[in-house]
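Below is one structure, written out as structure tokens; the observations come after it.
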Amino acid sequence: MQVSTETLFGNCYGKYAIAAINIWSMEQIHALFRVAEIAQAPFIVQMTPVALDYGHAIMLLSMISAAAEIYPDTIYSIHLDHGSRKAALNAISSGKYSSVMIDASHETYENNVQITSEIVEKAHAKNLEVEAELGVLSGVEDGINVKAEDKKYTQPEEVEDFVSKTACDSLAVAVGTSHGAYKFSGDQGLQFDILEEIQNRLPGFPLVLHGGSEVYKDEIKRINASGGNLATDARGVSADEIKKAIKYGICKINIATDARIIWTRVHREFFMKSPEQFDPVIPGNTYLKELEKFYMDKFDLLESTNRVRDLES
Ligand code: 13P
């Protein structure tokens with residue numbers, strides 16, 4: 001059953017987090033719904049504008065609605081990730097989404113307030129919620145590459161003013177994560193002092209962590225052992241950091257890169273070991289199984305496993 005993100009965040013705040021899984025293919029949608037039903041974990045299925053260009057909005061949304069029919073005992077929201085003004089307006093008028101993100105974080109503060117406010121007004125008129133962003137994450141996402149030196153942590157002293165002026169429903173904060181496979185390469189990590197101050201200023205308000213992939217070392221090693229060339233010194237957000245962040249009001253954790261890495265590892269290993277093969281269904285089945293295991297582990301880590309019953313009662 002599709003529900004609002006307000007329903008999900010109202011239940012999880014401070015206790016567990018909702019995995020917001022970026023999708024762009026049938027395999028991901030199928031694995032996600034199948035495993036969420038088994039785990040009884042509520043989740044958010046989300047698409048960026050680049051995913052929508054690749055898979056087409058009608059195709060991806062139809063596959064989501066087919067998955068919901070195949071796995072009826074699921075509770076989920078459909079979300080537009082990193083929406084431009086145009087993409088957000090399209091998503092709102094489609095009537096298919098639970099919520100949209102308007103990403104005007106690269107704009108000046110005043111422009112971010114203005115663009116976000118306009119989207120909130122239009123979305124609320126149609127009963128959708130809006131995620132906004134303050135601060136800038138580094139890394140590569142949707143073809144946009146933000147260099148490490150251009151990242152900007154969220155300024156805690158701006159958050160109350162921003163939320164009250166825009167009336168957004170959740171806030172993505174830049175507290176040390178980045179998008180993509182090349183995250184922390186030294187001893188950097190999440191900036192819990194900033195996160196704590198944001199929570200103190202916005203008690204009970206749902207916060208969103210972008211860049212939530214862990215970038216497993218073993219996956220990178222296996223990719224490189226089968227012909228890949230990914231940097232080995234980077235790491236993502238650790239399990240301990242994720243658990244701690246939940247206590248500070250992080251309700252939604254965005255995950256895209258880890259699924260890309262699994263896709264790369266499965267297919268590189270398969271074609272390296274079986275160069276005579278050309279049937280996509282064979283590695284496709286392995287990919288589905290590996291994705292399912294990955295999503296199951298994430299639900300456990302975020303402690304969203306078995307939470308569907310809280311939402312049904
Ligand atoms: P990762 O690149 O860490 O998976 O983050 C994805 C994300 O934040 C999507 O908005």
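Following the order of the structure tokens, first chain is A, next is B, and so on, with residues numbered from 1 inside each chain and ligands from 1 in the order they appear.
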Selection near Glu214 in chain A, 7 Å with only C-alpha atoms, sequence-local residues under 6 positions removed, as a VMD selection string: chain A and resid 235 to 238 258
What are the closest atom pairs, with distances in Å to one decimal, for all residues of chain A lying within 9 Å of ligand 1? Consider only C-alpha atoms and all ligand atoms, order rows by chain and residue number, and present the result as a tab-separated table.
residue	atom	partner	partner_atom_place_in_ligand_line	distance
A:Ala20	CA	ligand 1	9 (C)	8.2
A:Ile21	CA	ligand 1	9 (C)	8.0
A:Asn22	CA	ligand 1	9 (C)	6.5
A:Gln46	CA	ligand 1	10 (O)	8.6
A:Met47	CA	ligand 1	10 (O)	8.7
A:Thr48	CA	ligand 1	10 (O)	7.6
A:Asp81	CA	ligand 1	10 (O)	5.9
A:His82	CA	ligand 1	10 (O)	6.4
A:Leu137	CA	ligand 1	8 (O)	9.0
A:Gly139	CA	ligand 1	2 (O)	7.9
A:Val140	CA	ligand 1	2 (O)	7.6
A:Glu141	CA	ligand 1	2 (O)	6.9
A:Asp142	CA	ligand 1	9 (C)	8.8
A:Thr177	CA	ligand 1	3 (O)	7.5
A:Ser178	CA	ligand 1	3 (O)	6.4
A:His179	CA	ligand 1	2 (O)	3.8
A:Gly180	CA	ligand 1	2 (O)	3.7
A:Ala181	CA	ligand 1	2 (O)	6.5
A:Tyr182	CA	ligand 1	2 (O)	8.8
A:Lys183	CA	ligand 1	3 (O)	8.1
A:Leu209	CA	ligand 1	8 (O)	7.0
A:His210	CA	ligand 1	8 (O)	3.4
A:Gly211	CA	ligand 1	3 (O)	3.1
A:Gly212	CA	ligand 1	3 (O)	4.2
A:Ser213	CA	ligand 1	3 (O)	3.7
A:Glu214	CA	ligand 1	3 (O)	7.0
A:Val215	CA	ligand 1	3 (O)	7.7
A:Gly236	CA	ligand 1	3 (O)	6.9
A:Val237	CA	ligand 1	3 (O)	7.8
A:Ile253	CA	ligand 1	8 (O)	7.6
A:Asn254	CA	ligand 1	8 (O)	4.5
A:Ile255	CA	ligand 1	4 (O)	3.8
A:Ala256	CA	ligand 1	4 (O)	3.4
A:Thr257	CA	ligand 1	4 (O)	3.7
A:Asp258	CA	ligand 1	4 (O)	5.8
A:Ala259	CA	ligand 1	4 (O)	7.7
A:Arg260	CA	ligand 1	4 (O)	8.4
- prompt: Near Ile44 in chain A, counting only C-alpha atoms, which residues have an atom at most 7 Å away, once you skip same-chain residues fewer than 4 positions from it, shown as a list in words?
  reply: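 With the cut-off at 7 Å, the set is Ile18, Ala19, Ala20, Ile21, Tyr76, Ser77, Ile78 and His79 of chain A.
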Using only C-alpha atoms, which residues sit within 9 Å of Met296 in chain A once same-chain residues fewer than 2 positions away are excluded, as a tab-separated table (two decimals) with C-alpha atoms, in the first residue's frame?
chain	number	residue	atom	x	y	z
A	32	LEU	CA	13.08	-4.44	-3.40
A	35	VAL	CA	12.34	-8.59	0.03
A	36	ALA	CA	10.45	-5.77	1.74
A	38	ILE	CA	9.41	-10.85	3.42
A	39	ALA	CA	11.13	-8.49	5.89
A	41	ALA	CA	9.89	-3.40	6.26
A	291	LEU	CA	20.31	-7.32	-4.31
A	292	GLU	CA	17.73	-9.07	-2.13
A	293	LYS	CA	20.40	-9.99	0.41
A	294	PHE	CA	21.70	-6.41	0.34
A	298	LYS	CA	19.95	-2.65	5.06
A	299	PHE	CA	16.48	-3.06	6.58
A	300	ASP	CA	18.11	-4.86	9.52
A	301	LEU	CA	20.75	-2.16	9.92
A	305	THR	CA	12.49	-4.91	9.65
Could you give me the residues within range 5-101 of chain A that DSSP places in strand (DSSP E or B), as a PDB file with C-alpha atoms, in the first residue's frame?
ATOM      1  CA  ILE A  18      13.417   4.273   6.279  1.00  0.00           C
ATOM      2  CA  ALA A  19      15.650   2.988   3.466  1.00  0.00           C
ATOM      3  CA  ALA A  20      15.118   5.219   0.431  1.00  0.00           C
ATOM      4  CA  ILE A  21      16.258   3.076  -2.462  1.00  0.00           C
ATOM      5  CA  ASN A  22      17.106   4.633  -5.821  1.00  0.00           C
ATOM      6  CA  PHE A  43      10.509   1.648   2.486  1.00  0.00           C
ATOM      7  CA  ILE A  44      10.731   4.489  -0.007  1.00  0.00           C
ATOM      8  CA  VAL A  45      11.245   3.740  -3.688  1.00  0.00           C
ATOM      9  CA  GLN A  46      12.768   6.782  -5.388  1.00  0.00           C
ATOM     10  CA  MET A  47      13.896   7.936  -8.807  1.00  0.00           C
ATOM     11  CA  TYR A  76       5.979   2.188   0.745  1.00  0.00           C
ATOM     12  CA  SER A  77       6.152   5.751  -0.514  1.00  0.00           C
ATOM     13  CA  ILE A  78       7.109   6.814  -4.040  1.00  0.00           C
ATOM     14  CA  HIS A  79       9.512   9.750  -4.071  1.00  0.00           C
ATOM     15  CA  LEU A  80      11.225  11.949  -6.666  1.00  0.00           C
ATOM     16  CA  ASP A  81      14.889  12.285  -5.674  1.00  0.00           C
ATOM     17  CA  HIS A  82      16.914  15.415  -6.558  1.00  0.00           C
ATOM     18  CA  GLY A  83      14.093  17.062  -8.490  1.00  0.00           C
ATOM     19  CA  SER A  99       6.566  13.168  -2.146  1.00  0.00           C
ATOM     20  CA  VAL A 100       9.136  15.105  -4.127  1.00  0.00           C
ATOM     21  CA  MET A 101      12.548  16.476  -3.339  1.00  0.00           C
TER      22      MET A 101
END
message: Could you list, as a count of residues only, every residue within 9 Å of Leu190 in chain A, counting only C-alpha atoms and ignoring same-chain residues fewer than 5 positions away?
response: 7
field: Non-local contacts of Ser94 in chain A (10 Å; only C-alpha atoms; under 6 positions in same chain excluded) as a list in words
entry: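 Everything that qualifies: Ala57, Ile58 and Ala88 of chain A.
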task: Quote the spacing between CA of Asp161 in chain A and CA of Tyr248 in chain A in Å to one decimal place.
output: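 For CA of Asp161 in chain A relative to CA of Tyr248 in chain A, the distance reads 19.6 Å.
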So that each row is one residue of range 83-156 of chain A with an atom at most 7 Å from range 163-170 of chain A, can you give its shortest atom pair and the distance in Å to one decimal, using only C-alpha atoms, rows by chain and rising number, as a Markdown table?
| residue | atom | partner | partner_atom | distance |
| --- | --- | --- | --- | --- |
| A:Val113 | CA | A:Thr166 | CA | 5.9 |
| A:Thr116 | CA | A:Thr166 | CA | 6.1 |
| A:Ser117 | CA | A:Thr166 | CA | 4.4 |
| A:Val120 | CA | A:Cys168 | CA | 6.1 |
| A:Glu129 | CA | A:Asp169 | CA | 5.9 |
| A:Val130 | CA | A:Asp169 | CA | 5.3 |
| A:Glu131 | CA | A:Ser170 | CA | 4.7 |
| A:Ala132 | CA | A:Cys168 | CA | 6.3 |
For N, CA, C and O atoms, I'd like the residues from the last selection saved as an mmCIF file, in the first residue's frame.
data_model
loop_
_atom_site.group_PDB
_atom_site.id
_atom_site.type_symbol
_atom_site.label_atom_id
_atom_site.label_comp_id
_atom_site.auth_asym_id
_atom_site.auth_seq_id
_atom_site.Cartn_x
_atom_site.Cartn_y
_atom_site.Cartn_z
ATOM 1 N N VAL A 113 15.085 29.282 -0.793
ATOM 2 C CA VAL A 113 13.818 29.508 -0.065
ATOM 3 C C VAL A 113 12.680 29.732 -1.059
ATOM 4 O O VAL A 113 11.604 29.126 -0.952
ATOM 5 N N THR A 116 11.925 26.495 -3.246
ATOM 6 C CA THR A 116 11.341 25.451 -2.393
ATOM 7 C C THR A 116 9.912 25.822 -1.997
ATOM 8 O O THR A 116 9.002 24.981 -2.044
ATOM 9 N N SER A 117 9.699 27.100 -1.626
ATOM 10 C CA SER A 117 8.354 27.536 -1.202
ATOM 11 C C SER A 117 7.329 27.320 -2.313
ATOM 12 O O SER A 117 6.198 26.892 -2.059
ATOM 13 N N VAL A 120 6.569 23.643 -2.522
ATOM 14 C CA VAL A 120 5.779 23.200 -1.354
ATOM 15 C C VAL A 120 4.317 23.595 -1.546
ATOM 16 O O VAL A 120 3.407 22.780 -1.317
ATOM 17 N N GLU A 129 4.149 15.558 -0.017
ATOM 18 C CA GLU A 129 5.118 16.201 0.873
ATOM 19 C C GLU A 129 6.376 16.580 0.101
ATOM 20 O O GLU A 129 6.630 16.048 -0.979
ATOM 21 N N VAL A 130 7.150 17.471 0.703
ATOM 22 C CA VAL A 130 8.350 17.971 0.025
ATOM 23 C C VAL A 130 9.575 17.840 0.922
ATOM 24 O O VAL A 130 9.567 18.259 2.076
ATOM 25 N N GLU A 131 10.625 17.263 0.328
ATOM 26 C CA GLU A 131 11.948 17.233 0.971
ATOM 27 C C GLU A 131 12.776 18.345 0.331
ATOM 28 O O GLU A 131 12.834 18.440 -0.894
ATOM 29 N N ALA A 132 13.383 19.186 1.164
ATOM 30 C CA ALA A 132 14.245 20.248 0.645
ATOM 31 C C ALA A 132 15.667 19.975 1.107
ATOM 32 O O ALA A 132 15.904 19.065 1.903
#
- request: For Lys86 in chain A, please output as a PyMOL selection string all residues within 12 Å (counting only C-alpha atoms; exclusion window: fewer than 6 positions along the same chain).
  value: chain A and resi 49+80+92-93+100-104+115+118-119
Could the residues in this selection be written to a file with C-alpha atoms, as an mmCIF file, in the first residue's frame?
data_model
loop_
_atom_site.group_PDB
_atom_site.id
_atom_site.type_symbol
_atom_site.label_atom_id
_atom_site.label_comp_id
_atom_site.auth_asym_id
_atom_site.auth_seq_id
_atom_site.Cartn_x
_atom_site.Cartn_y
_atom_site.Cartn_z
ATOM 1 C CA PRO A 49 15.471 12.739 -13.148
ATOM 2 C CA LEU A 80 11.225 11.949 -6.666
ATOM 3 C CA ILE A 92 3.335 16.630 -8.644
ATOM 4 C CA SER A 93 0.971 16.837 -11.600
ATOM 5 C CA VAL A 100 9.136 15.105 -4.127
ATOM 6 C CA MET A 101 12.548 16.476 -3.339
ATOM 7 C CA ILE A 102 13.275 19.934 -4.661
ATOM 8 C CA ASP A 103 17.017 20.308 -4.843
ATOM 9 C CA ALA A 104 17.782 24.006 -4.959
ATOM 10 C CA ILE A 115 12.056 27.853 -5.267
ATOM 11 C CA GLU A 118 6.800 27.467 -4.665
ATOM 12 C CA ILE A 119 7.130 23.673 -4.906
#
message: Under the rule that only C-alpha atoms are counted, which of A:Ile70, A:Leu171, A:Leu89, A:Ala123 is the nearest residue to Ser105 in chain A?
response: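 When distances to Ser105 in chain A are compared using only C-alpha atoms, the smallest one comes from A:Leu171.
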query: Mind pulling up the distance from CA of Lys152 in chain A to CA of Val136 in chain A?
result: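 Answer for the CA of Val136 in chain A to CA of Lys152 in chain A separation: 4.7 Å.
Across the structure, CA of Ile64 in chain A and CA of Pro206 in chain A are spaced 24.9 Å apart.
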- prompt: Running DSSP on the backbone, which parts of range 10-208 of chain A land in helix (DSSP H, G or I), as a ChimeraX atom specification?
  reply: /A:10-12,26-39,49-55,57-70,85-94,109-125,148-150,156-166,192-201
Write the selection just made, keeping C-alpha atoms, as an mmCIF file, in the first residue's frame?
data_model
loop_
_atom_site.group_PDB
_atom_site.id
_atom_site.type_symbol
_atom_site.label_atom_id
_atom_site.label_comp_id
_atom_site.auth_asym_id
_atom_site.auth_seq_id
_atom_site.Cartn_x
_atom_site.Cartn_y
_atom_site.Cartn_z
ATOM 1 C CA GLY A 10 5.866 9.924 12.133
ATOM 2 C CA ASN A 11 6.377 6.294 13.121
ATOM 3 C CA CYS A 12 10.151 5.968 12.811
ATOM 4 C CA MET A 26 13.099 -3.950 -13.272
ATOM 5 C CA GLU A 27 15.549 -6.040 -11.261
ATOM 6 C CA GLN A 28 15.831 -3.412 -8.520
ATOM 7 C CA ILE A 29 12.084 -2.849 -8.260
ATOM 8 C CA HIS A 30 11.396 -6.576 -8.191
ATOM 9 C CA ALA A 31 14.078 -7.382 -5.599
ATOM 10 C CA LEU A 32 13.078 -4.435 -3.402
ATOM 11 C CA PHE A 33 9.349 -5.235 -3.229
ATOM 12 C CA ARG A 34 9.935 -8.972 -2.841
ATOM 13 C CA VAL A 35 12.344 -8.594 0.034
ATOM 14 C CA ALA A 36 10.446 -5.771 1.741
ATOM 15 C CA GLU A 37 7.387 -8.010 1.886
ATOM 16 C CA ILE A 38 9.407 -10.846 3.416
ATOM 17 C CA ALA A 39 11.126 -8.488 5.891
ATOM 18 C CA PRO A 49 15.471 12.739 -13.148
ATOM 19 C CA VAL A 50 18.348 10.813 -14.819
ATOM 20 C CA ALA A 51 16.708 7.483 -13.894
ATOM 21 C CA LEU A 52 13.419 8.800 -15.282
ATOM 22 C CA ASP A 53 15.133 9.777 -18.542
ATOM 23 C CA TYR A 54 16.746 6.345 -18.744
ATOM 24 C CA GLY A 55 13.745 4.193 -17.847
ATOM 25 C CA ALA A 57 8.511 7.777 -15.964
ATOM 26 C CA ILE A 58 5.588 5.738 -17.303
ATOM 27 C CA MET A 59 7.701 2.568 -17.517
ATOM 28 C CA LEU A 60 9.222 2.867 -14.036
ATOM 29 C CA LEU A 61 5.987 3.916 -12.327
ATOM 30 C CA SER A 62 4.115 1.095 -14.073
ATOM 31 C CA MET A 63 6.710 -1.416 -12.871
ATOM 32 C CA ILE A 64 6.331 -0.071 -9.330
ATOM 33 C CA SER A 65 2.584 -0.459 -9.523
ATOM 34 C CA ALA A 66 3.016 -4.024 -10.918
ATOM 35 C CA ALA A 67 5.386 -4.870 -8.057
ATOM 36 C CA ALA A 68 2.830 -3.562 -5.548
ATOM 37 C CA GLU A 69 0.249 -5.868 -7.114
ATOM 38 C CA ILE A 70 2.600 -8.881 -7.003
ATOM 39 C CA ARG A 85 11.826 22.690 -10.430
ATOM 40 C CA LYS A 86 10.551 21.221 -13.729
ATOM 41 C CA ALA A 87 10.909 17.570 -12.619
ATOM 42 C CA ALA A 88 9.176 18.328 -9.313
ATOM 43 C CA LEU A 89 6.253 20.058 -11.051
ATOM 44 C CA ASN A 90 5.904 17.098 -13.466
ATOM 45 C CA ALA A 91 5.930 14.621 -10.584
ATOM 46 C CA ILE A 92 3.335 16.630 -8.644
ATOM 47 C CA SER A 93 0.971 16.837 -11.600
ATOM 48 C CA SER A 94 1.341 13.105 -12.416
ATOM 49 C CA TYR A 109 19.891 30.828 0.319
ATOM 50 C CA GLU A 110 17.205 33.298 -0.815
ATOM 51 C CA ASN A 111 16.655 31.484 -4.127
ATOM 52 C CA ASN A 112 16.555 28.122 -2.364
ATOM 53 C CA VAL A 113 13.818 29.508 -0.065
ATOM 54 C CA GLN A 114 11.885 30.925 -3.002
ATOM 55 C CA ILE A 115 12.056 27.853 -5.267
ATOM 56 C CA THR A 116 11.341 25.451 -2.393
ATOM 57 C CA SER A 117 8.354 27.536 -1.202
ATOM 58 C CA GLU A 118 6.800 27.467 -4.665
ATOM 59 C CA ILE A 119 7.130 23.673 -4.906
ATOM 60 C CA VAL A 120 5.779 23.200 -1.354
ATOM 61 C CA GLU A 121 2.702 25.272 -2.162
ATOM 62 C CA LYS A 122 1.970 23.273 -5.328
ATOM 63 C CA ALA A 123 2.736 19.908 -3.690
ATOM 64 C CA HIS A 124 0.665 20.558 -0.557
ATOM 65 C CA ALA A 125 -2.291 21.543 -2.740
ATOM 66 C CA ALA A 148 35.172 18.072 -2.431
ATOM 67 C CA GLU A 149 36.350 21.689 -2.056
ATOM 68 C CA ASP A 150 32.890 22.953 -3.129
ATOM 69 C CA PRO A 156 22.560 24.929 11.819
ATOM 70 C CA GLU A 157 21.730 28.605 12.381
ATOM 71 C CA GLU A 158 19.807 28.637 9.056
ATOM 72 C CA VAL A 159 17.573 25.603 9.533
ATOM 73 C CA GLU A 160 14.716 27.054 11.613
ATOM 74 C CA ASP A 161 14.334 30.062 9.327
ATOM 75 C CA PHE A 162 14.465 27.827 6.220
ATOM 76 C CA VAL A 163 11.873 25.359 7.464
ATOM 77 C CA SER A 164 9.497 28.022 8.714
ATOM 78 C CA LYS A 165 9.755 30.123 5.526
ATOM 79 C CA THR A 166 9.384 27.200 3.099
ATOM 80 C CA PHE A 192 27.657 14.625 14.619
ATOM 81 C CA ASP A 193 28.162 18.001 16.301
ATOM 82 C CA ILE A 194 26.418 19.688 13.342
ATOM 83 C CA LEU A 195 23.693 17.040 13.245
ATOM 84 C CA GLU A 196 23.043 17.391 16.974
ATOM 85 C CA GLU A 197 22.711 21.158 16.697
ATOM 86 C CA ILE A 198 20.295 20.806 13.775
ATOM 87 C CA GLN A 199 18.169 18.365 15.789
ATOM 88 C CA ASN A 200 18.174 20.700 18.810
ATOM 89 C CA ARG A 201 16.905 23.506 16.609
#
